[in-house]
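Here is the structure we will look at, set down as structure tokens.
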Amino acid sequence: MLEKPMDVLTVFPVRKTKRQKQAFRDAMQTYAASIGYESRVEKGSFGCQNLILGTPEQADYLVTAHYDTCARLPIPNFLTPCNFWLFLLWQLALMLLILGVCILGGLAVGLLTGSGSAGVWVGYLLVWILLALMLIGPANPSNANDNTSGVITLLEIAKSMPKNQRKRVCFVLFDLEEAGLIGSASYRKAHKAQTDRQMVLNLDCVGDGDNLLLFPTKKLKRDRKRLTSLYKACGYFGKKSILLREKGFSFYPSDQANFPWGVGICALKKRGKTLYLGRIHTNKDIILERTNVNLLRAAIITYICRDAAQ
């Protein structure tokens, strides 16, 4: 039972198995009704089940987040969305680490069995096993930032949205983001006509960091009117900020990528000039700053309401 959005952190800390997801969706639908929203579950590819609050056909905006829980890894999924070379180096290092483990495993089997072909097949099999563990492995019980923070922020926005604006906004919780953005791809396919015109504000890992960044898609960057309107959500708030990443390298791999007018929203830490996202997918993902939730709630509601007034 959910009495307030922050309860998700303690009542539904893991949403990985079918039973866990079903219990979460049931509670969410009850909560949605208590704050005045109609809701429904929409099935998609590979068994995904997206939860929709509101009426997509009428909405000008989608506020989204994925609710599935990521797999636990021995090292963090370290992202530097604004630094191309560091982003590339980390991805290469991760790939080399995976290949190194697989090669060593294959060599060990080859030496023990005296069969080179057996070693090759074991190494090949290890590649697929490690990739599967990264995507659909055992749940990470520590997921305050990825993506319990996005779920809670979405609920706070839904609860606080003025009643005269609610028909203009639909809230969608995507399933199977961690398996490859499957839930959002299914939603896009089912609602192509609506999402061809809707702004999509996707909340993913917004709980840990003082730098809240908006990452628009390439198509959105080329539309000056739509892009400029996003500055209504930006500003500096003490040591925290909400900023639009309009120029320079930017790559944030999340559900907004499946929509033409998508905006990825995340919280980043800063060391020197490097903005980064760390801790996620590990047991250190335990930070969810309530200030971030409050700032994004106010910023997104202000953006939608001011945009409607023009």
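Letters A, B, ... mark the chains of the structure tokens in the order given; residue numbers begin at 1 per chain; ligand numbers begin at 1, in order shown.
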Can you pull out the residues contacting A:Ala190? Cut-off 12 Å, using only C-alpha atoms, and skip same-chain residues under 2 positions away; I want them as a list in words.
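Surrounding residues, per the criterion: Glu42, Lys43, Gly44, Ser45, Asn50, Pro56, Glu57, Gly183, Ser184, Ala185, Ser186, Tyr187, Arg188, Lys192, Ala193, Gln194, Thr195 and Asp196 of chain A.
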Mind checking which residues fall within 8 Å of A:Ala299, counting only C-alpha atoms, ignoring those fewer than 2 positions away in the same chain, and posting them as a short mmCIF file (atom, residue, chain, number, x, y, z; two decimals) with all heavy atoms, in the first residue's frame?
data_model
loop_
_atom_site.label_atom_id
_atom_site.label_comp_id
_atom_site.auth_asym_id
_atom_site.auth_seq_id
_atom_site.Cartn_x
_atom_site.Cartn_y
_atom_site.Cartn_z
N LYS A 232 12.26 27.20 -19.65
CA LYS A 232 11.34 27.54 -18.56
C LYS A 232 11.54 26.63 -17.34
O LYS A 232 11.15 26.98 -16.23
CB LYS A 232 9.89 27.43 -19.03
CG LYS A 232 9.51 28.36 -20.16
CD LYS A 232 8.03 28.19 -20.51
CE LYS A 232 7.62 29.11 -21.65
NZ LYS A 232 8.10 28.61 -22.95
N ALA A 233 12.13 25.46 -17.58
CA ALA A 233 12.36 24.52 -16.48
C ALA A 233 13.74 24.68 -15.86
O ALA A 233 14.04 24.01 -14.86
CB ALA A 233 12.19 23.09 -16.99
N CYS A 234 14.57 25.56 -16.41
CA CYS A 234 15.97 25.64 -15.98
C CYS A 234 16.20 26.75 -14.96
O CYS A 234 15.40 27.67 -14.83
CB CYS A 234 16.85 25.88 -17.21
SG CYS A 234 16.80 24.53 -18.41
N LEU A 295 12.83 19.89 -6.59
CA LEU A 295 13.21 20.82 -7.65
C LEU A 295 12.62 20.42 -9.00
O LEU A 295 12.09 21.26 -9.73
CB LEU A 295 14.73 20.91 -7.75
CG LEU A 295 15.46 21.72 -6.68
CD1 LEU A 295 16.97 21.62 -6.88
CD2 LEU A 295 15.03 23.18 -6.72
N LEU A 296 12.73 19.14 -9.32
CA LEU A 296 12.22 18.69 -10.61
C LEU A 296 10.70 18.75 -10.66
O LEU A 296 10.11 19.08 -11.70
CB LEU A 296 12.70 17.26 -10.90
CG LEU A 296 14.17 17.15 -11.30
CD1 LEU A 296 14.60 15.70 -11.37
CD2 LEU A 296 14.41 17.84 -12.65
N ARG A 297 10.06 18.44 -9.56
CA ARG A 297 8.60 18.56 -9.51
C ARG A 297 8.18 20.00 -9.82
O ARG A 297 7.32 20.23 -10.69
CB ARG A 297 8.08 18.16 -8.13
CG ARG A 297 6.58 18.37 -7.95
CD ARG A 297 6.16 18.04 -6.53
NE ARG A 297 6.85 18.90 -5.57
CZ ARG A 297 6.82 18.71 -4.26
NH1 ARG A 297 6.16 17.70 -3.74
NH2 ARG A 297 7.47 19.54 -3.46
N ILE A 301 6.42 21.11 -13.54
CA ILE A 301 5.06 21.67 -13.48
C ILE A 301 5.06 23.11 -13.98
O ILE A 301 4.17 23.52 -14.74
CB ILE A 301 4.52 21.58 -12.04
CG1 ILE A 301 4.23 20.12 -11.68
CG2 ILE A 301 3.23 22.41 -11.89
CD1 ILE A 301 3.81 19.90 -10.24
N THR A 302 6.06 23.89 -13.60
CA THR A 302 6.17 25.28 -14.08
C THR A 302 6.32 25.32 -15.59
O THR A 302 5.67 26.12 -16.28
CB THR A 302 7.38 25.97 -13.42
OG1 THR A 302 7.18 26.02 -12.01
CG2 THR A 302 7.56 27.38 -13.95
N TYR A 303 7.16 24.45 -16.13
CA TYR A 303 7.38 24.40 -17.58
C TYR A 303 6.08 24.09 -18.32
O TYR A 303 5.71 24.77 -19.28
CB TYR A 303 8.43 23.35 -17.90
CG TYR A 303 8.42 22.87 -19.32
CD1 TYR A 303 8.68 23.72 -20.38
CD2 TYR A 303 8.14 21.54 -19.60
CE1 TYR A 303 8.66 23.27 -21.68
CE2 TYR A 303 8.12 21.08 -20.91
CZ TYR A 303 8.39 21.95 -21.95
OH TYR A 303 8.36 21.50 -23.24
#
Stretch 81-310 of chain A: residues DSSP assigns to alpha helix (DSSP H), reported as a PyMOL selection string
chain A and resi 84-113+116-136+149-160+182-190+192-195+218-221+224-229+290-309
Would you list the contacts of A:Ser241 as a PyMOL selection string, taking every protein, DNA or RNA residue within 6 Å and counting only C-alpha atoms, but skipping same-chain residues closer than 2 positions in sequence?
chain A and resi 211-212+235-237
Using only C-alpha atoms, which protein or nucleic acid residues come within 8 Å of stretch 9-22 of chain A? Drop anything in the same chain fewer than 6 positions from it, and give the result as a ChimeraX atom specification.
/A:1-2,67-70,139-144,148
As number ranges by chain, list the residues of stretch 71-307 of chain A assigned to strand (DSSP E or B) by DSSP on the backbone atoms of this structure.
A: 71, 79, 139, 169-174, 199-203, 211-216, 235-237, 240-244, 262-271, 274-277
With only C-alpha atoms as the counted atoms, please give the residues lying no more than 9 Å from A:Pro260, apart from itself and same-chain residues fewer than 6 positions off, as a list in words.
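These residues fall inside the cut-off: Thr195, Asp196, Arg197, Gln198, Met199, Val200, Thr217, Lys218, Lys219 and Leu220 of chain A.
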Identify, on the basis of only C-alpha atoms, every residue whose closest approach to A:Asp146 does not exceed 9 Å; exclude the query and any residue fewer than 5 positions from it along the same chain; express the result as a list of chain:residue names.
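My list of contacting residues is A:His66, A:Tyr67, A:Thr69, A:Cys70, A:Asp204, A:Cys205, A:Val206, A:Gly207, A:Ile280, A:His281, A:Asp285.
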Dump as a short mmCIF file (atom, residue, chain, number, x, y, z; two decimals), in the first residue's frame, selection limited to C-alpha atoms:
data_model
loop_
_atom_site.label_atom_id
_atom_site.label_comp_id
_atom_site.auth_asym_id
_atom_site.auth_seq_id
_atom_site.Cartn_x
_atom_site.Cartn_y
_atom_site.Cartn_z
CA HIS A 66 11.17 3.15 -16.04
CA TYR A 67 10.12 1.09 -13.02
CA THR A 69 15.01 -2.83 -11.35
CA CYS A 70 18.49 -3.14 -12.84
CA ASP A 204 16.08 8.37 -15.09
CA CYS A 205 18.58 8.49 -12.20
CA VAL A 206 17.60 11.91 -10.85
CA GLY A 207 18.33 11.29 -7.16
CA ILE A 280 24.34 2.68 -10.15
CA HIS A 281 24.06 -1.10 -10.58
CA ASP A 285 23.23 3.06 -5.09
#
List the spatial neighbours of stretch 104-114 of chain A as a PyMOL selection string - criterion: any atom at most 8 Å away, only C-alpha atoms, same-chain residues fewer than 4 positions off excluded.
chain A and resi 100+118-124+126
Please produce a file of the residues just selected, as a compact mmCIF listing (two decimals), in the first residue's frame, where the atoms kept are N, CA, C and O atoms.
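Writing the result to out.txt gives the following:
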# COMPACT_ATOMS: atom_id res chain seq x y z
N GLY A 100 38.54 -10.07 -21.43
CA GLY A 100 39.63 -10.66 -20.67
C GLY A 100 39.17 -11.81 -19.79
O GLY A 100 39.82 -12.86 -19.74
N ALA A 118 37.44 -26.80 -27.00
CA ALA A 118 36.60 -26.67 -25.80
C ALA A 118 36.81 -25.31 -25.15
O ALA A 118 35.86 -24.66 -24.70
N GLY A 119 38.07 -24.86 -25.11
CA GLY A 119 38.36 -23.55 -24.55
C GLY A 119 37.70 -22.43 -25.32
O GLY A 119 37.17 -21.48 -24.74
N VAL A 120 37.72 -22.54 -26.66
CA VAL A 120 37.08 -21.52 -27.50
C VAL A 120 35.58 -21.46 -27.23
O VAL A 120 34.99 -20.37 -27.08
N TRP A 121 34.95 -22.63 -27.17
CA TRP A 121 33.50 -22.66 -26.94
C TRP A 121 33.14 -22.14 -25.55
O TRP A 121 32.14 -21.43 -25.38
N VAL A 122 33.94 -22.45 -24.56
CA VAL A 122 33.67 -21.94 -23.21
C VAL A 122 33.83 -20.42 -23.17
O VAL A 122 33.03 -19.71 -22.57
N GLY A 123 34.88 -19.90 -23.81
CA GLY A 123 35.07 -18.46 -23.87
C GLY A 123 33.91 -17.76 -24.55
O GLY A 123 33.43 -16.72 -24.09
N TYR A 124 33.46 -18.34 -25.65
CA TYR A 124 32.31 -17.80 -26.39
C TYR A 124 31.05 -17.81 -25.52
O TYR A 124 30.30 -16.84 -25.47
N LEU A 126 30.94 -17.79 -22.26
CA LEU A 126 31.10 -16.82 -21.17
C LEU A 126 30.72 -15.41 -21.60
O LEU A 126 30.18 -14.63 -20.81
Contacts of stretch 24-118 of chain A with stretch 152-168 of chain A up to 10 Å, shortest pair per row, only C-alpha atoms, as CSV:
residue,atom,partner,partner_atom,distance
A:Met28,CA,A:Leu155,CA,9.3
A:Tyr31,CA,A:Leu155,CA,9.4
A:Ala32,CA,A:Lys159,CA,8.5
A:Ser34,CA,A:Lys159,CA,9.5
A:Ile35,CA,A:Lys159,CA,6.1
A:Gly36,CA,A:Lys159,CA,8.4
A:Tyr37,CA,A:Ala158,CA,8.6
A:Leu53,CA,A:Ala158,CA,8.6
A:Gly54,CA,A:Lys167,CA,7.2
A:Thr55,CA,A:Lys167,CA,6.9
A:Pro56,CA,A:Arg168,CA,8.8
A:Glu57,CA,A:Arg168,CA,9.5
A:Gln58,CA,A:Arg168,CA,6.3
A:Ala59,CA,A:Arg168,CA,4.2
A:Asp60,CA,A:Arg168,CA,5.2
A:Tyr61,CA,A:Arg168,CA,6.3
A:Leu62,CA,A:Arg168,CA,8.7
A:Val63,CA,A:Leu154,CA,6.8
A:Thr64,CA,A:Leu154,CA,6.9
A:Ala65,CA,A:Leu154,CA,7.0
A:Tyr67,CA,A:Ile152,CA,9.8
